[in-house]
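Below is upload.cif, which holds mmCIF, C-alpha atoms and all ligand atoms.
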```cif
data_entry
loop_
_atom_site.label_atom_id
_atom_site.label_comp_id
_atom_site.auth_asym_id
_atom_site.auth_seq_id
_atom_site.Cartn_x
_atom_site.Cartn_y
_atom_site.Cartn_z
CA MET T 1 9.09 -70.12 123.77
CA ASN T 2 11.78 -68.10 122.08
CA ALA T 3 15.37 -68.79 121.12
CA LYS T 4 18.09 -66.77 122.75
CA VAL T 5 19.01 -64.46 119.87
CA ASN T 6 22.43 -62.78 119.93
CA ARG T 7 22.77 -60.01 117.35
CA HIS T 8 26.15 -59.08 115.87
CA GLU T 9 26.17 -56.03 113.59
CA PHE T 10 29.09 -54.89 111.45
CA ALA T 11 29.89 -51.75 109.50
CA ASP T 12 30.47 -53.63 106.25
CA ARG T 13 30.22 -57.06 104.65
CA LEU T 14 33.94 -57.76 104.52
CA THR T 15 34.30 -57.23 108.25
CA LEU T 16 31.33 -59.52 108.83
CA ALA T 17 32.84 -62.18 106.58
CA ASP T 18 36.12 -62.05 108.45
CA LYS T 19 34.53 -62.23 111.93
CA LEU T 20 32.05 -64.96 111.08
CA ALA T 21 34.65 -67.06 109.24
CA ARG T 22 37.02 -66.89 112.22
CA GLU T 23 34.19 -67.71 114.65
CA VAL T 24 33.11 -70.75 112.60
CA ALA T 25 36.68 -71.95 112.14
CA ALA T 26 37.20 -71.74 115.92
CA LYS T 27 34.09 -73.88 116.50
CA LEU T 28 35.28 -76.47 113.96
CA ASP T 29 38.77 -76.48 115.46
CA ALA T 30 37.35 -76.98 118.97
CA ALA T 31 35.21 -79.88 117.71
CA ILE T 32 38.24 -81.53 116.09
CA LYS T 33 40.25 -81.16 119.29
CA ALA T 34 37.40 -82.51 121.42
CA ARG T 35 36.09 -85.31 119.20
CA GLY T 36 38.55 -85.77 116.34
CA LYS T 37 36.16 -84.51 113.65
CA ALA T 38 33.71 -81.74 112.83
CA THR T 39 30.54 -81.37 110.79
CA ILE T 40 29.06 -78.21 109.33
CA ALA T 41 25.85 -77.68 107.33
CA VAL T 42 25.92 -74.52 105.21
CA SER T 43 23.43 -72.50 103.21
CA GLY T 44 23.56 -71.66 99.53
CA GLY T 45 22.41 -68.58 97.66
CA GLY T 46 24.56 -65.51 97.21
CA THR T 47 25.11 -64.08 100.70
CA PRO T 48 27.70 -66.55 102.06
CA LYS T 49 30.12 -66.46 99.10
CA VAL T 50 32.61 -63.94 100.49
CA MET T 51 32.50 -65.43 103.96
CA PHE T 52 33.11 -68.90 102.49
CA ALA T 53 36.18 -67.59 100.67
CA VAL T 54 37.57 -66.30 103.97
CA LEU T 55 36.59 -69.49 105.82
CA ALA T 56 38.39 -71.59 103.21
CA GLU T 57 41.65 -69.87 104.15
CA GLN T 58 41.45 -70.62 107.87
CA GLU T 59 44.19 -72.97 109.01
CA ILE T 60 42.40 -75.80 110.74
CA ASP T 61 42.60 -79.54 110.03
CA TRP T 62 40.04 -79.52 107.21
CA SER T 63 40.74 -83.20 106.47
CA ARG T 64 38.65 -83.91 109.58
CA VAL T 65 35.74 -81.69 108.54
CA THR T 66 32.62 -82.81 106.69
CA VAL T 67 30.59 -80.11 104.95
CA THR T 68 26.99 -80.58 103.87
CA LEU T 69 24.17 -78.26 102.84
CA VAL T 70 21.05 -77.20 104.70
CA ASP T 71 19.18 -77.16 101.40
CA GLU T 72 19.59 -77.63 97.67
CA ARG T 73 17.85 -76.71 94.47
CA TRP T 74 17.10 -79.95 92.58
CA VAL T 75 19.45 -79.19 89.72
CA ASP T 76 22.61 -80.91 88.58
CA THR T 77 25.95 -79.54 89.73
CA ASP T 78 26.69 -77.96 86.35
CA SER T 79 23.79 -75.53 86.88
CA ASP T 80 24.65 -72.07 88.17
CA ARG T 81 21.61 -72.52 90.48
CA SER T 82 23.35 -75.40 92.27
CA ASN T 83 24.22 -74.67 95.90
CA ALA T 84 26.76 -77.54 95.76
CA ARG T 85 28.49 -75.84 92.86
CA MET T 86 28.68 -72.55 94.75
CA VAL T 87 30.07 -74.26 97.88
CA SER T 88 32.63 -76.19 95.80
CA SER T 89 33.93 -73.05 94.14
CA THR T 90 34.05 -70.87 97.26
CA LEU T 91 34.36 -72.94 100.45
CA LEU T 92 35.97 -76.18 99.28
CA THR T 93 39.10 -74.38 98.10
CA HIS T 94 42.47 -73.34 99.54
CA GLU T 95 42.99 -74.91 103.00
CA ALA T 96 39.45 -76.36 102.93
CA ARG T 97 39.94 -78.24 99.64
CA VAL T 98 40.64 -81.43 101.65
CA ALA T 99 37.34 -81.31 103.54
CA SER T 100 34.76 -84.02 102.78
CA PHE T 101 31.54 -82.87 101.14
CA LEU T 102 28.13 -84.52 101.32
CA PRO T 103 25.88 -83.05 98.60
CA LEU T 104 22.09 -83.24 98.90
CA PHE T 105 21.51 -83.55 95.15
CA ASP T 106 21.47 -87.19 94.01
CA ARG T 107 22.04 -87.66 90.29
CA ALA T 108 20.58 -91.18 90.46
CA HIS T 109 17.20 -89.51 91.03
CA LYS T 110 17.79 -86.34 89.06
CA ASP T 111 14.21 -86.13 87.79
CA ASP T 112 12.47 -86.92 91.07
CA VAL T 113 13.54 -85.31 94.32
CA ASP T 114 11.01 -87.39 96.29
CA ALA T 115 12.58 -90.63 95.08
CA ALA T 116 15.91 -89.46 96.51
CA LEU T 117 14.73 -88.62 100.02
CA ALA T 118 15.31 -92.04 101.62
CA ASP T 119 18.90 -92.36 100.34
CA VAL T 120 19.88 -88.76 101.02
CA GLY T 121 18.26 -88.94 104.47
CA LYS T 122 20.37 -92.00 105.33
CA ARG T 123 23.54 -90.20 104.23
CA VAL T 124 22.65 -87.18 106.36
CA ASP T 125 21.88 -89.42 109.35
CA ALA T 126 25.24 -91.14 108.88
CA LEU T 127 26.97 -87.82 109.60
CA GLY T 128 25.84 -88.27 113.20
CA SER T 129 24.37 -85.64 115.42
CA PRO T 130 24.54 -82.95 116.50
CA PHE T 131 26.23 -80.90 113.79
CA ASP T 132 29.00 -78.73 115.18
CA VAL T 133 27.91 -75.71 113.14
CA VAL T 134 24.85 -74.82 111.05
CA LEU T 135 24.90 -71.67 108.92
CA LEU T 136 21.53 -70.34 107.81
CA GLY T 137 20.69 -67.59 105.35
CA MET T 138 17.37 -65.89 104.69
CA GLY T 139 15.66 -64.94 101.46
CA PRO T 140 13.76 -61.68 100.91
CA ASP T 141 10.50 -63.62 101.37
CA GLY T 142 11.50 -64.79 104.87
CA HIS T 143 12.48 -68.32 103.84
CA THR T 144 15.43 -70.03 105.42
CA ALA T 145 16.90 -73.36 104.31
CA SER T 146 14.12 -74.27 101.80
CA PHE T 147 11.30 -73.46 104.23
CA PHE T 148 9.38 -71.38 101.69
CA PRO T 149 6.18 -69.47 102.41
CA GLY T 150 3.36 -71.59 100.93
CA GLY T 151 5.69 -74.58 100.43
CA ASP T 152 3.93 -77.89 99.86
CA HIS T 153 5.74 -79.59 102.77
CA LEU T 154 6.29 -76.53 104.95
CA ALA T 155 4.26 -77.78 107.91
CA GLU T 156 6.08 -81.15 107.97
CA ALA T 157 9.45 -79.46 107.59
CA LEU T 158 8.79 -77.13 110.54
CA ASP T 159 7.34 -79.86 112.79
CA LEU T 160 9.68 -80.05 115.77
CA ALA T 161 8.49 -83.61 116.42
CA GLY T 162 9.17 -84.64 112.81
CA LYS T 163 11.47 -87.62 112.24
CA GLN T 164 12.48 -87.11 108.57
CA PRO T 165 15.96 -85.53 108.27
CA VAL T 166 15.21 -84.24 104.76
CA LEU T 167 12.05 -83.27 102.88
CA SER T 168 11.19 -82.06 99.42
CA MET T 169 9.72 -78.61 98.92
CA ARG T 170 7.90 -76.97 96.05
CA ALA T 171 6.73 -73.38 96.25
CA GLU T 172 5.90 -70.58 93.89
CA GLY T 173 8.94 -68.54 94.93
CA ALA T 174 11.37 -71.45 94.98
CA GLY T 175 12.03 -71.92 91.29
CA GLU T 176 12.87 -75.58 90.91
CA PRO T 177 11.90 -78.30 93.41
CA ARG T 178 14.03 -78.32 96.54
CA ILE T 179 15.40 -80.65 99.15
CA THR T 180 15.85 -79.29 102.65
CA LEU T 181 16.95 -80.47 106.05
CA SER T 182 13.99 -80.45 108.42
CA LEU T 183 13.81 -77.83 111.17
CA PRO T 184 14.62 -80.37 113.92
CA ARG T 185 17.71 -81.47 111.94
CA VAL T 186 18.78 -77.83 111.44
CA LEU T 187 18.43 -77.16 115.16
CA ASP T 188 20.37 -80.29 116.08
CA THR T 189 23.63 -78.39 116.28
CA ARG T 190 26.09 -77.11 118.83
CA ALA T 191 26.16 -73.68 117.18
CA LEU T 192 23.63 -71.97 114.90
CA TYR T 193 24.31 -68.83 112.88
CA LEU T 194 21.98 -66.73 110.73
CA HIS T 195 23.91 -64.64 108.20
CA ILE T 196 21.95 -61.81 106.58
CA GLU T 197 22.91 -58.64 104.76
CA GLY T 198 21.08 -55.46 103.79
CA ASP T 199 18.47 -53.23 105.39
CA ASP T 200 15.52 -55.09 103.86
CA LYS T 201 16.53 -58.36 105.51
CA LYS T 202 17.19 -56.59 108.80
CA ASP T 203 13.65 -55.13 108.69
CA LEU T 204 12.19 -58.52 107.82
CA LEU T 205 14.06 -60.16 110.69
CA GLY T 206 12.72 -57.48 113.02
CA LYS T 207 9.18 -58.29 111.90
CA ALA T 208 9.76 -62.02 112.43
CA LEU T 209 11.15 -61.34 115.91
CA ALA T 210 8.02 -59.29 116.61
CA GLY T 211 5.83 -62.26 115.67
CA ALA T 212 5.19 -61.99 111.92
CA ASP T 213 4.57 -65.36 110.35
CA PHE T 214 7.58 -65.81 108.06
CA PRO T 215 9.24 -69.25 107.95
CA ILE T 216 12.38 -67.79 109.60
CA ALA T 217 10.22 -67.17 112.68
CA ALA T 218 10.26 -70.93 113.36
CA VAL T 219 14.03 -70.68 113.94
CA LEU T 220 13.57 -67.73 116.28
CA LYS T 221 10.71 -69.27 118.27
CA GLN T 222 12.37 -72.54 119.29
CA ASP T 223 14.26 -73.08 122.53
CA ARG T 224 16.67 -75.84 121.46
CA VAL T 225 19.67 -73.78 120.44
CA PRO T 226 20.63 -70.10 120.64
CA VAL T 227 20.77 -68.20 117.34
CA ASP T 228 23.68 -65.88 116.55
CA VAL T 229 22.58 -63.37 113.91
CA TYR T 230 25.35 -61.77 111.83
CA TRP T 231 24.27 -58.69 109.90
CA ALA T 232 25.93 -56.00 107.79
CA PRO T 233 24.32 -53.32 105.57
O1 LIG X 301 17.54 -70.26 97.67
C1 LIG X 301 18.19 -70.05 98.68
O2 LIG X 301 18.11 -68.84 99.26
C2 LIG X 301 18.53 -68.57 100.61
C3 LIG X 301 18.90 -67.10 100.68
O3 LIG X 301 19.82 -66.81 99.65
P1 LIG X 301 20.43 -65.35 99.41
O4 LIG X 301 20.95 -65.39 97.98
O5 LIG X 301 19.33 -64.34 99.59
O6 LIG X 301 21.51 -65.19 100.41
C4 LIG X 301 19.67 -69.48 101.04
O7 LIG X 301 19.90 -69.33 102.43
C5 LIG X 301 19.33 -70.92 100.68
O8 LIG X 301 20.34 -71.81 101.12
C6 LIG X 301 19.17 -71.03 99.19
O9 LIG X 301 18.88 -72.35 98.77
#
```

Please rewrite the model in this file as structure tokens.
Ligand SMILES: O=C1O[C@H](COP(=O)(O)O)[C@@H](O)[C@H](O)[C@H]1O
Amino acid sequence: MNAKVNRHEFADRLTLADKLAREVAAKLDAAIKARGKATIAVSGGGTPKVMFAVLAEQEIDWSRVTVTLVDERWVDTDSDRSNARMVSSTLLTHEARVASFLPLFDRAHKDDVDAALADVGKRVDALGSPFDVVLLGMGPDGHTASFFPGGDHLAEALDLAGKQPVLSMRAEGAGEPRITLSLPRVLDTRALYLHIEGDDKKDLLGKALAGADFPIAAVLKQDRVPVDVYWAP
């Protein structure tokens, strides 16, 4: 089984940011018009920053939008490693400053990600399903969300029959412990985008599409939701 993969390539990163931001805003707007609200789960890291800045300026009814993360580094929000901090300073600004935000980091359990899973999982479940939009990124090691190669809970996280909405993840390449939505929760969306930049990531994606065993391959192999890949050099 393979996902339907639609590839969108752009001459430069600014053009990509503009096109993807407008596409995502249109999906959120359609969800608000159809159901009165919209949910979006976004990735962290560095790649989405410019696109988030453009998305934040789109004129939709952001007061009806809830934003959450697909994964988080288990660090407090004052850390420059915090995905929540990055999203707050890029996406939750301008027009989008009135959106609701559900973080995955839980300060009540700041020293123990595993102790937080039940509470955070309930909050994620309370968002309802499916998401309207999920935005994935990909690291240079082929991880997406916090599905890291060699991760201690990788098999559970990628289990399409798994019932846990969130799992912890520790891996050599991950830095600090992580929390991540599970693969079935990531795929439980009306629209799924993979945003990658640079020739190295394009090559890696090509290898994953050809069958190489990177974690991102699990997103490309499923048949639950098509994947729209946005790439610029
Ligand atoms: O650690 C993470 O890395 C990936 C990729 O980040 P990038 O900086 O290479 O774009 C990101 O998708 C994920 O959300 C984040 O936690």

(message) Under the rule that all atoms listed in the file are counted, which of T:Lys207, T:Leu14, T:Val54, T:Ser129 is the nearest residue to Thr93 in chain T?
(response)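 Among T:Lys207, T:Leu14, T:Val54, T:Ser129, it is T:Val54 that comes nearest to Thr93 in chain T.
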
(request) Could I get the residue neighbourhood of ligand LIG 301 (chain X) at 7 Å, counting all atoms listed in the file, as a list in words? (result)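 Using all atoms listed in the file, I find these residues within 7 Å of ligand LIG 301 (chain X): Ser43, Gly44, Gly45, Gly46, Thr47, Pro48, Val70, Asp71, Glu72, Arg73, Asn83, Leu136, Gly137, Met138, Gly139, Pro140, His143, Thr144, Ala145, Ser146 and Ala174 of chain T.
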
(message) Just checking: using all atoms listed in the file, which residue out of T:Thr39, T:Thr68, T:Gln58, T:Thr180 ends up closest to Arg22 in chain T?
(response)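 So, comparing all the options, the nearest one is T:Gln58.
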
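In this comparison, which uses all atoms listed in the file, the residue of T:Ala26, T:Leu158, T:Ile60, T:Val65 approaching Ala191 in chain T most closely is T:Ala26.
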
(request) Go ahead and compute the interatomic distance for CA of Val219 in chain T and CA of Lys49 in chain T, in Å to one decimal. (result) 22.3 Å

Hey, could you make a per-residue contact list for range 3-68 of chain T against range 95-114 of chain T with 12 Å as the cut-off, showing the nearest pair of atoms and its distance in Å to one decimal, counting only C-alpha atoms, sorted by chain and number, as a tab-separated table?
```
residue	atom	partner	partner_atom	distance
T:Ala25	CA	T:Ala96	CA	10.6
T:Leu28	CA	T:Ala99	CA	11.7
T:Lys37	CA	T:Ala99	CA	10.7
T:Ala38	CA	T:Ala99	CA	10.0
T:Thr39	CA	T:Ser100	CA	9.4
T:Ile40	CA	T:Phe101	CA	9.7
T:Ala41	CA	T:Leu102	CA	9.4
T:Val42	CA	T:Pro103	CA	10.8
T:Ser43	CA	T:Leu104	CA	11.6
T:Gly44	CA	T:Pro103	CA	11.7
T:Phe52	CA	T:Ala96	CA	9.8
T:Ala53	CA	T:Ala96	CA	9.6
T:Val54	CA	T:Glu95	CA	10.2
T:Leu55	CA	T:Ala96	CA	8.0
T:Ala56	CA	T:Ala96	CA	4.9
T:Glu57	CA	T:Glu95	CA	5.3
T:Gln58	CA	T:Glu95	CA	6.7
T:Glu59	CA	T:Glu95	CA	6.4
T:Ile60	CA	T:Glu95	CA	7.8
T:Asp61	CA	T:Ala96	CA	8.4
T:Trp62	CA	T:Ala99	CA	4.9
T:Ser63	CA	T:Ala99	CA	4.9
T:Arg64	CA	T:Ala99	CA	6.7
T:Val65	CA	T:Ala99	CA	5.3
T:Thr66	CA	T:Ser100	CA	4.6
T:Val67	CA	T:Phe101	CA	4.8
T:Thr68	CA	T:Leu102	CA	4.8
```

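Proximity of T:Leu91, T:Lys163, T:Asn2, T:Arg190 to Ala208 in chain T, computed with only C-alpha atoms, is greatest for T:Asn2.
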
(request) Can you work out which one of T:Asp80, T:Ala30, T:Met51, T:Leu183 has the shortest atom-to-atom distance to Thr15 in chain T, counting all atoms listed in the file? (result) T:Met51

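Residues lying within 8 Å of (13.8, -64.4, 114.1). Counted over only C-alpha atoms, they are Val5, Leu205, Gly206, Lys207, Ala208, Leu209, Ile216, Ala217, Ala218, Val219, Leu220 and Lys221 of chain T.
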
(message) Residues within 9 Å of Val225 in chain T, please, as a VMD selection string. Count all atoms listed in the file; anything in the same chain fewer than 5 positions from it doesn't count.
(response) chain T and resid 3 to 4 187 to 192

(request) Kindly give the distance, in Å, that separates CA of Leu20 in chain T and CA of Trp231 in chain T, rounded to a single decimal. (result)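 Calculated distance between CA of Leu20 in chain T and CA of Trp231 in chain T is 10.1 Å.
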
(request) Considering all atoms listed in the file, state which residue in the set T:Pro165, T:Leu69, T:Leu204, T:Arg178 is at the smallest distance from Asp119 in chain T. (result)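 Counting all atoms listed in the file, the residue closest to Asp119 in chain T is T:Pro165.
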
(request) With a distance cut-off of 9 Å and all atoms listed in the file, select the neighbouring residues of range 170-172 of chain T, excluding the residue or stretch itself and same-chain residues fewer than 5 positions from it, and output the selection as a ChimeraX atom specification. (result) /T:146,148-153,177-179

Produce a file of the selected residues containing C-alpha atoms, as a PDB file, keeping the file's coordinate frame.
```
ATOM      1  CA  SER T 146      14.120 -74.270 101.800  1.00  0.00           C
ATOM      2  CA  PHE T 148       9.380 -71.380 101.690  1.00  0.00           C
ATOM      3  CA  PRO T 149       6.180 -69.470 102.410  1.00  0.00           C
ATOM      4  CA  GLY T 150       3.360 -71.590 100.930  1.00  0.00           C
ATOM      5  CA  GLY T 151       5.690 -74.580 100.430  1.00  0.00           C
ATOM      6  CA  ASP T 152       3.930 -77.890  99.860  1.00  0.00           C
ATOM      7  CA  HIS T 153       5.740 -79.590 102.770  1.00  0.00           C
ATOM      8  CA  PRO T 177      11.900 -78.300  93.410  1.00  0.00           C
ATOM      9  CA  ARG T 178      14.030 -78.320  96.540  1.00  0.00           C
ATOM     10  CA  ILE T 179      15.400 -80.650  99.150  1.00  0.00           C
TER      11      ILE T 179
END
```

(request) Can you work out the spacing between CA of Asp29 in chain T and CA of Phe131 in chain T in Å, to one decimal? (result)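 Distance between the two atoms: 13.4 Å.
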
(request) For Asp199 in chain T, please output as a ChimeraX atom specification all residues within 8 Å (counting all atoms listed in the file; exclusion window: fewer than 3 positions along the same chain). (result) /T:202-203,233

Step by step, gather every atom of range 145-159 of chain T that the file lists, find the box along x, y and z that holds them, add 8 Å on each side, and finally give centre and edge lengths in Å to one decimal, as JSON.
```
{"center_x": 10.1, "center_y": -75.3, "center_z": 106.3, "size_x": 29.5, "size_y": 27.7, "size_z": 28.9}
```

(request) Find the residues near Asn6 in chain T: any atom within 10 Å, counting only C-alpha atoms, skip ones fewer than 5 places away on the same chain, and give them as an MDAnalysis selection string. (result) chainID T and resid 193 226:230

With the input short on atoms, add all heavy atoms back to range 133-144 of chain T and write it as an mmCIF file, keeping the file's coordinate frame.
```cif
data_model
loop_
_atom_site.group_PDB
_atom_site.id
_atom_site.type_symbol
_atom_site.label_atom_id
_atom_site.label_comp_id
_atom_site.auth_asym_id
_atom_site.auth_seq_id
_atom_site.Cartn_x
_atom_site.Cartn_y
_atom_site.Cartn_z
ATOM 1 N N VAL T 133 28.305 -77.062 113.579
ATOM 2 C CA VAL T 133 27.910 -75.710 113.140
ATOM 3 C C VAL T 133 26.836 -75.831 112.070
ATOM 4 O O VAL T 133 26.950 -76.674 111.172
ATOM 5 C CB VAL T 133 29.116 -74.937 112.538
ATOM 6 C CG1 VAL T 133 28.678 -73.591 111.985
ATOM 7 C CG2 VAL T 133 30.229 -74.754 113.568
ATOM 8 N N VAL T 134 25.805 -74.996 112.155
ATOM 9 C CA VAL T 134 24.850 -74.820 111.050
ATOM 10 C C VAL T 134 24.826 -73.328 110.709
ATOM 11 O O VAL T 134 24.719 -72.480 111.597
ATOM 12 C CB VAL T 134 23.441 -75.326 111.420
ATOM 13 C CG1 VAL T 134 22.424 -74.885 110.371
ATOM 14 C CG2 VAL T 134 23.427 -76.844 111.564
ATOM 15 N N LEU T 135 24.954 -73.045 109.421
ATOM 16 C CA LEU T 135 24.900 -71.670 108.920
ATOM 17 C C LEU T 135 23.642 -71.482 108.097
ATOM 18 O O LEU T 135 23.492 -72.107 107.039
ATOM 19 C CB LEU T 135 26.104 -71.393 108.019
ATOM 20 C CG LEU T 135 27.479 -71.284 108.674
ATOM 21 C CD1 LEU T 135 28.568 -71.272 107.604
ATOM 22 C CD2 LEU T 135 27.560 -70.021 109.510
ATOM 23 N N LEU T 136 22.760 -70.626 108.551
ATOM 24 C CA LEU T 136 21.530 -70.340 107.810
ATOM 25 C C LEU T 136 21.640 -68.998 107.094
ATOM 26 O O LEU T 136 22.345 -68.092 107.557
ATOM 27 C CB LEU T 136 20.330 -70.291 108.751
ATOM 28 C CG LEU T 136 19.908 -71.610 109.395
ATOM 29 C CD1 LEU T 136 18.774 -71.358 110.386
ATOM 30 C CD2 LEU T 136 19.494 -72.638 108.342
ATOM 31 N N GLY T 137 20.902 -68.876 106.005
ATOM 32 C CA GLY T 137 20.690 -67.590 105.350
ATOM 33 C C GLY T 137 19.199 -67.279 105.411
ATOM 34 O O GLY T 137 18.420 -68.003 106.040
ATOM 35 N N MET T 138 18.798 -66.222 104.748
ATOM 36 C CA MET T 138 17.370 -65.890 104.690
ATOM 37 C C MET T 138 17.089 -65.156 103.387
ATOM 38 O O MET T 138 17.812 -64.216 103.024
ATOM 39 C CB MET T 138 16.996 -65.001 105.877
ATOM 40 C CG MET T 138 15.503 -64.673 105.948
ATOM 41 S SD MET T 138 15.133 -63.623 107.358
ATOM 42 C CE MET T 138 15.634 -62.016 106.720
ATOM 43 N N GLY T 139 16.054 -65.603 102.697
ATOM 44 C CA GLY T 139 15.660 -64.940 101.460
ATOM 45 C C GLY T 139 14.788 -63.730 101.740
ATOM 46 O O GLY T 139 14.273 -63.552 102.854
ATOM 47 N N PRO T 140 14.563 -62.894 100.725
ATOM 48 C CA PRO T 140 13.760 -61.680 100.910
ATOM 49 C C PRO T 140 12.292 -61.962 101.221
ATOM 50 O O PRO T 140 11.552 -61.068 101.634
ATOM 51 C CB PRO T 140 13.901 -60.945 99.571
ATOM 52 C CG PRO T 140 14.441 -61.942 98.604
ATOM 53 C CD PRO T 140 15.139 -63.003 99.376
ATOM 54 N N ASP T 141 11.864 -63.222 101.041
ATOM 55 C CA ASP T 141 10.500 -63.620 101.370
ATOM 56 C C ASP T 141 10.400 -64.249 102.765
ATOM 57 O O ASP T 141 9.352 -64.757 103.154
ATOM 58 C CB ASP T 141 9.974 -64.621 100.326
ATOM 59 C CG ASP T 141 10.890 -65.838 100.206
ATOM 60 O OD1 ASP T 141 11.937 -65.888 100.908
ATOM 61 O OD2 ASP T 141 10.567 -66.742 99.408
ATOM 62 N N GLY T 142 11.524 -64.228 103.507
ATOM 63 C CA GLY T 142 11.500 -64.790 104.870
ATOM 64 C C GLY T 142 11.739 -66.285 104.909
ATOM 65 O O GLY T 142 11.585 -66.905 105.949
ATOM 66 N N HIS T 143 12.150 -66.880 103.763
ATOM 67 C CA HIS T 143 12.480 -68.320 103.840
ATOM 68 C C HIS T 143 13.887 -68.499 104.373
ATOM 69 O O HIS T 143 14.751 -67.635 104.192
ATOM 70 C CB HIS T 143 12.298 -69.005 102.477
ATOM 71 C CG HIS T 143 13.448 -68.915 101.538
ATOM 72 N ND1 HIS T 143 13.573 -67.916 100.586
ATOM 73 C CD2 HIS T 143 14.544 -69.700 101.373
ATOM 74 C CE1 HIS T 143 14.684 -68.101 99.888
ATOM 75 N NE2 HIS T 143 15.299 -69.172 100.349
ATOM 76 N N THR T 144 14.093 -69.617 105.037
ATOM 77 C CA THR T 144 15.430 -70.030 105.420
ATOM 78 C C THR T 144 15.530 -71.507 105.100
ATOM 79 O O THR T 144 14.495 -72.181 105.023
ATOM 80 C CB THR T 144 15.709 -69.720 106.910
ATOM 81 O OG1 THR T 144 17.104 -69.929 107.187
ATOM 82 C CG2 THR T 144 14.880 -70.594 107.837
#
```
